[in-house]
Amino acid sequence: MLEDLRFVLRSLARSKVLTTVLLVSLALGTGANAAVCGIVYALLLQPPAGVEDPGDLLSIYTSEFSGSAYGRSSYPDFVSLAETGVVRDIAAYDDDAVMNARLGSSTRAVRVAAVAGDFFGVLRMTPETGRLLQPEDTGTTPAPAVVSLLLAEFLGDPDTITGEEIQMGEQPYQVVGVPAANFRGLRSNRATDVWIPINAAGREDRGDRRLSILARHEEGAESFRETLAAISQRLADEHPSTNRGALTNEAAPRQLSAHRYSPRDPSAGSGFSIIAAVLVGAVALLLVSACVNAGTLLLSRAMARRHELAVKRA
């Protein structure tokens, strides 16, 4: 076997052009496959860093007037759902805000997530430094904040940033901890830098739907949907002006539904999955083409040596 290997290496060394073509073809095929599959995994399949048992996480949505089942929820609806007690672990977050964070002479634009309930408890996350937000942090002064490891490194030393005060907008916040390393939120298309307790003031409007709700339910999403349907009907009866109405049926309740958590926003529909499948299929064909080209080159080289090999056999 060692003699065969040495013979192959000598043959490749003598045929530099053939060897170069083979290596470039296979490198392009495997490299493109690795890159595209890595991107698809990161966008569709990779769970957020530091989240324990991400397969047990559920996302709860409120249907929209337009008919989409994947709308966001209001803070009063979240409170009503939490008060039913049907879900022990439930939290909500609003990650739309972008603010300037200032610590000393360092200033940076950051994406801020306001969280309600035991957000990090639902994620079952342990802090990298300090502690994480608790439900009782709402309304405390100074307001606590959890900053990502990347922002902590930008503002100073992650090991000593706990207890420091950062200014965001007109309000000071005290850094209480850093979440698990590389945790940048729950959406694949936006990275969160700071997490603060939600301010319930100004969120009394049940029709103001800006929250994404997370939960863990022992029985899974399927059995939970019947319970959510009953809660949706009750909220529609109690608050018809905000919890009723759809494009096809004005009397229909705004339906709450539970689905297995995904880092990709489901409101984007299946278009992204189709594009990802097309890309993976295209690079797979590229790899097959590279392998066929390599096989054809080796076969043509072997055919050119037919006379020589026949003489050797004789």
# chains A, B, ... in the order shown; residues from 1 in each chain; ligands from 1
>>> residues_around(residues="segment 250-265 of chain A", least_positions_apart="5", cutoff="7 Å", atoms="only C-alpha atoms", output="ChimeraX atom specification")
/A:43-44,47,57-64,186-188,221,225,228-229,232-233,236,243-245
>>> write_last_selection(atoms="N, CA and C atoms", output="PDB file, in the first residue's frame")
ATOM      1  N   LEU A  43     -28.728  30.492   9.759  1.00  0.00           N
ATOM      2  CA  LEU A  43     -29.966  31.255   9.639  1.00  0.00           C
ATOM      3  C   LEU A  43     -31.202  30.443   9.999  1.00  0.00           C
ATOM      4  N   LEU A  44     -31.187  29.152   9.740  1.00  0.00           N
ATOM      5  CA  LEU A  44     -32.398  28.352   9.905  1.00  0.00           C
ATOM      6  C   LEU A  44     -32.355  27.377  11.075  1.00  0.00           C
ATOM      7  N   PRO A  47     -29.382  27.111  17.062  1.00  0.00           N
ATOM      8  CA  PRO A  47     -30.076  27.741  18.184  1.00  0.00           C
ATOM      9  C   PRO A  47     -29.235  28.879  18.754  1.00  0.00           C
ATOM     10  N   LEU A  57     -38.558  25.310  23.493  1.00  0.00           N
ATOM     11  CA  LEU A  57     -39.084  26.674  23.478  1.00  0.00           C
ATOM     12  C   LEU A  57     -40.254  26.798  22.513  1.00  0.00           C
ATOM     13  N   LEU A  58     -41.255  27.579  22.919  1.00  0.00           N
ATOM     14  CA  LEU A  58     -42.405  27.862  22.070  1.00  0.00           C
ATOM     15  C   LEU A  58     -42.509  29.366  21.845  1.00  0.00           C
ATOM     16  N   SER A  59     -42.914  29.738  20.665  1.00  0.00           N
ATOM     17  CA  SER A  59     -43.254  31.126  20.356  1.00  0.00           C
ATOM     18  C   SER A  59     -44.774  31.231  20.255  1.00  0.00           C
ATOM     19  N   ILE A  60     -45.336  32.249  20.908  1.00  0.00           N
ATOM     20  CA  ILE A  60     -46.782  32.453  20.898  1.00  0.00           C
ATOM     21  C   ILE A  60     -47.079  33.706  20.086  1.00  0.00           C
ATOM     22  N   TYR A  61     -47.981  33.579  19.119  1.00  0.00           N
ATOM     23  CA  TYR A  61     -48.303  34.669  18.208  1.00  0.00           C
ATOM     24  C   TYR A  61     -49.779  35.045  18.332  1.00  0.00           C
ATOM     25  N   THR A  62     -50.081  36.277  17.935  1.00  0.00           N
ATOM     26  CA  THR A  62     -51.459  36.752  17.817  1.00  0.00           C
ATOM     27  C   THR A  62     -51.744  37.008  16.348  1.00  0.00           C
ATOM     28  N   SER A  63     -52.831  36.461  15.848  1.00  0.00           N
ATOM     29  CA  SER A  63     -53.146  36.632  14.431  1.00  0.00           C
ATOM     30  C   SER A  63     -53.415  38.102  14.116  1.00  0.00           C
ATOM     31  N   GLU A  64     -53.076  38.505  12.901  1.00  0.00           N
ATOM     32  CA  GLU A  64     -53.252  39.889  12.476  1.00  0.00           C
ATOM     33  C   GLU A  64     -54.557  40.060  11.698  1.00  0.00           C
ATOM     34  N   LEU A 186     -32.612  36.545  19.995  1.00  0.00           N
ATOM     35  CA  LEU A 186     -33.317  35.366  19.518  1.00  0.00           C
ATOM     36  C   LEU A 186     -33.672  35.412  18.043  1.00  0.00           C
ATOM     37  N   ARG A 187     -33.312  36.473  17.358  1.00  0.00           N
ATOM     38  CA  ARG A 187     -33.636  36.575  15.935  1.00  0.00           C
ATOM     39  C   ARG A 187     -32.348  36.466  15.126  1.00  0.00           C
ATOM     40  N   SER A 188     -32.422  35.729  14.041  1.00  0.00           N
ATOM     41  CA  SER A 188     -31.239  35.557  13.211  1.00  0.00           C
ATOM     42  C   SER A 188     -30.933  36.790  12.378  1.00  0.00           C
ATOM     43  N   ALA A 221     -46.491  22.047  21.823  1.00  0.00           N
ATOM     44  CA  ALA A 221     -47.310  23.050  21.153  1.00  0.00           C
ATOM     45  C   ALA A 221     -48.683  22.519  20.760  1.00  0.00           C
ATOM     46  N   ARG A 225     -52.397  24.339  21.964  1.00  0.00           N
ATOM     47  CA  ARG A 225     -53.164  25.191  21.041  1.00  0.00           C
ATOM     48  C   ARG A 225     -54.636  25.234  21.394  1.00  0.00           C
ATOM     49  N   LEU A 228     -54.999  27.738  24.132  1.00  0.00           N
ATOM     50  CA  LEU A 228     -54.857  29.098  23.606  1.00  0.00           C
ATOM     51  C   LEU A 228     -56.104  29.529  22.846  1.00  0.00           C
ATOM     52  N   ALA A 229     -56.750  28.609  22.151  1.00  0.00           N
ATOM     53  CA  ALA A 229     -57.977  28.951  21.435  1.00  0.00           C
ATOM     54  C   ALA A 229     -59.060  29.397  22.407  1.00  0.00           C
ATOM     55  N   SER A 232     -58.138  32.858  23.612  1.00  0.00           N
ATOM     56  CA  SER A 232     -58.404  33.834  22.548  1.00  0.00           C
ATOM     57  C   SER A 232     -59.880  34.214  22.524  1.00  0.00           C
ATOM     58  N   GLN A 233     -60.750  33.238  22.665  1.00  0.00           N
ATOM     59  CA  GLN A 233     -62.181  33.503  22.662  1.00  0.00           C
ATOM     60  C   GLN A 233     -62.576  34.358  23.858  1.00  0.00           C
ATOM     61  N   ALA A 236     -61.453  37.899  23.282  1.00  0.00           N
ATOM     62  CA  ALA A 236     -62.311  38.527  22.272  1.00  0.00           C
ATOM     63  C   ALA A 236     -63.639  38.956  22.869  1.00  0.00           C
ATOM     64  N   ASN A 243     -59.512  42.726  20.235  1.00  0.00           N
ATOM     65  CA  ASN A 243     -59.204  41.303  20.101  1.00  0.00           C
ATOM     66  C   ASN A 243     -60.184  40.557  19.195  1.00  0.00           C
ATOM     67  N   ARG A 244     -60.911  41.309  18.390  1.00  0.00           N
ATOM     68  CA  ARG A 244     -61.751  40.713  17.358  1.00  0.00           C
ATOM     69  C   ARG A 244     -61.426  41.363  16.022  1.00  0.00           C
ATOM     70  N   GLY A 245     -61.717  40.650  14.967  1.00  0.00           N
ATOM     71  CA  GLY A 245     -61.602  41.243  13.642  1.00  0.00           C
ATOM     72  C   GLY A 245     -60.525  40.627  12.786  1.00  0.00           C
TER      73      GLY A 245
END
>>> residues_around(residues="Ser73 of chain A", least_positions_apart="5", cutoff="6 Å", atoms="only C-alpha atoms", output="VMD selection string")
chain A and resid 62 209 to 211
>>> closest_residue(among="A:Ala35, A:Leu247, A:Ala114, A:Leu298", to="Ile196 of chain A", atoms="only C-alpha atoms")
A:Ala114
>>> residues_around(residues="Ala200 of chain A", least_positions_apart="2", cutoff="10 Å", atoms="only C-alpha atoms", output="list in words")
Tyr75, Pro76, Ala116, Thr138, Gly139, Pro197, Ile198, Gly202, Arg203 and Glu204 of chain A
>>> select_by_dssp(residues="segment 115-216 of chain A", states="strand (DSSP E or B)", output="NGL selection string")
:A and (115-117 or 129-130 or 143-147 or 165-168 or 171-178 or 194-197 or 209-216)
>>> select_by_dssp(residues="segment 60-284 of chain A", states="alpha helix (DSSP H)", output="MDAnalysis selection string")
chainID A and resid 75:84 119:123 149:155 220:238 240:243 271:284
>>> atom_distance(atom1="atom CA of Ile231 of chain A", atom2="atom CA of Leu81 of chain A")
7.6 Å
>>> decode(residues="segment 182-312 of chain A", atoms="C-alpha atoms", output="mmCIF file, in the first residue's frame")
data_model
loop_
_atom_site.group_PDB
_atom_site.id
_atom_site.type_symbol
_atom_site.label_atom_id
_atom_site.label_comp_id
_atom_site.auth_asym_id
_atom_site.auth_seq_id
_atom_site.Cartn_x
_atom_site.Cartn_y
_atom_site.Cartn_z
ATOM 1 C CA ASN A 182 -22.009 35.012 21.940
ATOM 2 C CA PHE A 183 -25.691 35.408 22.891
ATOM 3 C CA ARG A 184 -27.023 38.239 20.726
ATOM 4 C CA GLY A 185 -30.772 37.761 20.958
ATOM 5 C CA LEU A 186 -33.317 35.366 19.518
ATOM 6 C CA ARG A 187 -33.636 36.575 15.935
ATOM 7 C CA SER A 188 -31.239 35.557 13.211
ATOM 8 C CA ASN A 189 -31.712 38.831 11.328
ATOM 9 C CA ARG A 190 -30.991 41.245 14.184
ATOM 10 C CA ALA A 191 -28.437 41.273 16.982
ATOM 11 C CA THR A 192 -29.378 42.630 20.412
ATOM 12 C CA ASP A 193 -26.790 44.429 22.568
ATOM 13 C CA VAL A 194 -28.692 45.442 25.729
ATOM 14 C CA TRP A 195 -31.603 43.928 27.675
ATOM 15 C CA ILE A 196 -33.608 46.070 30.102
ATOM 16 C CA PRO A 197 -36.843 45.533 32.079
ATOM 17 C CA ILE A 198 -39.923 46.580 30.162
ATOM 18 C CA ASN A 199 -41.606 49.842 31.124
ATOM 19 C CA ALA A 200 -45.316 49.113 31.340
ATOM 20 C CA ALA A 201 -46.187 52.806 31.169
ATOM 21 C CA GLY A 202 -47.463 53.650 27.717
ATOM 22 C CA ARG A 203 -48.221 50.017 26.891
ATOM 23 C CA GLU A 204 -51.770 49.931 28.263
ATOM 24 C CA ASP A 205 -53.257 49.858 24.771
ATOM 25 C CA ARG A 206 -54.258 46.257 24.067
ATOM 26 C CA GLY A 207 -54.115 46.983 20.359
ATOM 27 C CA ASP A 208 -50.465 48.088 20.508
ATOM 28 C CA ARG A 209 -48.836 44.827 19.477
ATOM 29 C CA ARG A 210 -45.053 45.002 19.659
ATOM 30 C CA LEU A 211 -44.145 42.062 21.887
ATOM 31 C CA SER A 212 -42.866 38.623 20.992
ATOM 32 C CA ILE A 213 -43.895 35.991 23.537
ATOM 33 C CA LEU A 214 -41.800 32.991 24.575
ATOM 34 C CA ALA A 215 -42.916 30.063 26.706
ATOM 35 C CA ARG A 216 -42.107 26.531 27.750
ATOM 36 C CA HIS A 217 -44.952 24.054 28.024
ATOM 37 C CA GLU A 218 -44.556 20.488 29.221
ATOM 38 C CA GLU A 219 -47.129 19.058 26.814
ATOM 39 C CA GLY A 220 -45.747 20.736 23.694
ATOM 40 C CA ALA A 221 -47.310 23.050 21.153
ATOM 41 C CA GLU A 222 -50.037 20.724 19.811
ATOM 42 C CA SER A 223 -51.940 20.174 23.072
ATOM 43 C CA PHE A 224 -51.348 23.793 24.088
ATOM 44 C CA ARG A 225 -53.164 25.191 21.041
ATOM 45 C CA GLU A 226 -56.610 24.145 22.290
ATOM 46 C CA THR A 227 -56.001 26.032 25.530
ATOM 47 C CA LEU A 228 -54.857 29.098 23.606
ATOM 48 C CA ALA A 229 -57.977 28.951 21.435
ATOM 49 C CA ALA A 230 -60.154 29.129 24.570
ATOM 50 C CA ILE A 231 -58.106 32.063 25.923
ATOM 51 C CA SER A 232 -58.404 33.834 22.548
ATOM 52 C CA GLN A 233 -62.181 33.503 22.662
ATOM 53 C CA ARG A 234 -62.327 34.851 26.216
ATOM 54 C CA LEU A 235 -60.167 37.874 25.354
ATOM 55 C CA ALA A 236 -62.311 38.527 22.272
ATOM 56 C CA ASP A 237 -65.443 38.521 24.441
ATOM 57 C CA GLU A 238 -63.889 40.811 27.059
ATOM 58 C CA HIS A 239 -62.121 43.188 24.640
ATOM 59 C CA PRO A 240 -63.990 43.043 21.320
ATOM 60 C CA SER A 241 -62.606 46.351 20.032
ATOM 61 C CA THR A 242 -59.004 45.098 20.062
ATOM 62 C CA ASN A 243 -59.204 41.303 20.101
ATOM 63 C CA ARG A 244 -61.751 40.713 17.358
ATOM 64 C CA GLY A 245 -61.602 41.243 13.642
ATOM 65 C CA ALA A 246 -60.011 39.680 10.606
ATOM 66 C CA LEU A 247 -60.040 40.623 6.965
ATOM 67 C CA THR A 248 -62.295 37.681 6.138
ATOM 68 C CA ASN A 249 -64.423 37.762 9.299
ATOM 69 C CA GLU A 250 -64.843 40.879 11.427
ATOM 70 C CA ALA A 251 -66.326 38.873 14.304
ATOM 71 C CA ALA A 252 -63.514 36.317 14.481
ATOM 72 C CA PRO A 253 -61.271 36.491 17.578
ATOM 73 C CA ARG A 254 -57.619 37.409 17.249
ATOM 74 C CA GLN A 255 -56.283 33.900 17.602
ATOM 75 C CA LEU A 256 -53.370 33.057 19.874
ATOM 76 C CA SER A 257 -51.254 30.180 18.553
ATOM 77 C CA ALA A 258 -48.130 28.355 19.731
ATOM 78 C CA HIS A 259 -45.373 27.124 17.452
ATOM 79 C CA ARG A 260 -41.979 25.610 18.037
ATOM 80 C CA TYR A 261 -39.403 28.399 18.372
ATOM 81 C CA SER A 262 -37.361 29.210 15.281
ATOM 82 C CA PRO A 263 -34.594 31.839 14.970
ATOM 83 C CA ARG A 264 -36.135 32.835 11.634
ATOM 84 C CA ASP A 265 -39.152 35.114 11.672
ATOM 85 C CA PRO A 266 -42.064 32.922 10.463
ATOM 86 C CA SER A 267 -43.851 35.958 9.015
ATOM 87 C CA ALA A 268 -41.293 35.806 6.198
ATOM 88 C CA GLY A 269 -43.172 32.746 4.940
ATOM 89 C CA SER A 270 -41.588 29.857 3.093
ATOM 90 C CA GLY A 271 -39.734 32.056 0.617
ATOM 91 C CA PHE A 272 -36.483 31.990 2.570
ATOM 92 C CA SER A 273 -36.620 28.198 2.934
ATOM 93 C CA ILE A 274 -37.167 27.844 -0.825
ATOM 94 C CA ILE A 275 -34.204 30.122 -1.582
ATOM 95 C CA ALA A 276 -32.037 28.170 0.876
ATOM 96 C CA ALA A 277 -33.071 24.871 -0.712
ATOM 97 C CA VAL A 278 -32.261 26.214 -4.190
ATOM 98 C CA LEU A 279 -28.822 27.409 -3.039
ATOM 99 C CA VAL A 280 -28.014 24.089 -1.367
ATOM 100 C CA GLY A 281 -29.152 22.226 -4.467
ATOM 101 C CA ALA A 282 -27.061 24.464 -6.716
ATOM 102 C CA VAL A 283 -23.847 24.001 -4.756
ATOM 103 C CA ALA A 284 -24.541 20.253 -4.498
ATOM 104 C CA LEU A 285 -24.704 20.135 -8.298
ATOM 105 C CA LEU A 286 -21.464 22.118 -8.386
ATOM 106 C CA LEU A 287 -19.792 19.494 -6.184
ATOM 107 C CA VAL A 288 -21.148 16.674 -8.359
ATOM 108 C CA SER A 289 -19.874 18.490 -11.447
ATOM 109 C CA ALA A 290 -16.434 18.883 -9.862
ATOM 110 C CA CYS A 291 -16.318 15.167 -9.026
ATOM 111 C CA VAL A 292 -17.412 14.235 -12.564
ATOM 112 C CA ASN A 293 -14.741 16.517 -14.041
ATOM 113 C CA ALA A 294 -12.074 14.962 -11.833
ATOM 114 C CA GLY A 295 -13.211 11.452 -12.762
ATOM 115 C CA THR A 296 -13.258 12.327 -16.472
ATOM 116 C CA LEU A 297 -9.724 13.725 -16.342
ATOM 117 C CA LEU A 298 -8.418 10.632 -14.560
ATOM 118 C CA LEU A 299 -10.261 8.344 -16.973
ATOM 119 C CA SER A 300 -8.890 10.154 -20.032
ATOM 120 C CA ARG A 301 -5.378 9.915 -18.583
ATOM 121 C CA ALA A 302 -5.843 6.190 -18.004
ATOM 122 C CA MET A 303 -7.136 5.723 -21.567
ATOM 123 C CA ALA A 304 -4.059 7.457 -22.913
ATOM 124 C CA ARG A 305 -1.877 4.845 -21.163
ATOM 125 C CA ARG A 306 -3.770 1.808 -22.498
ATOM 126 C CA HIS A 307 -0.889 0.703 -24.738
ATOM 127 C CA GLU A 308 1.679 1.109 -21.952
ATOM 128 C CA LEU A 309 -0.457 -0.825 -19.449
ATOM 129 C CA ALA A 310 -1.144 -3.604 -21.999
ATOM 130 C CA VAL A 311 2.597 -4.032 -22.562
ATOM 131 C CA LYS A 312 3.210 -4.167 -18.819
#
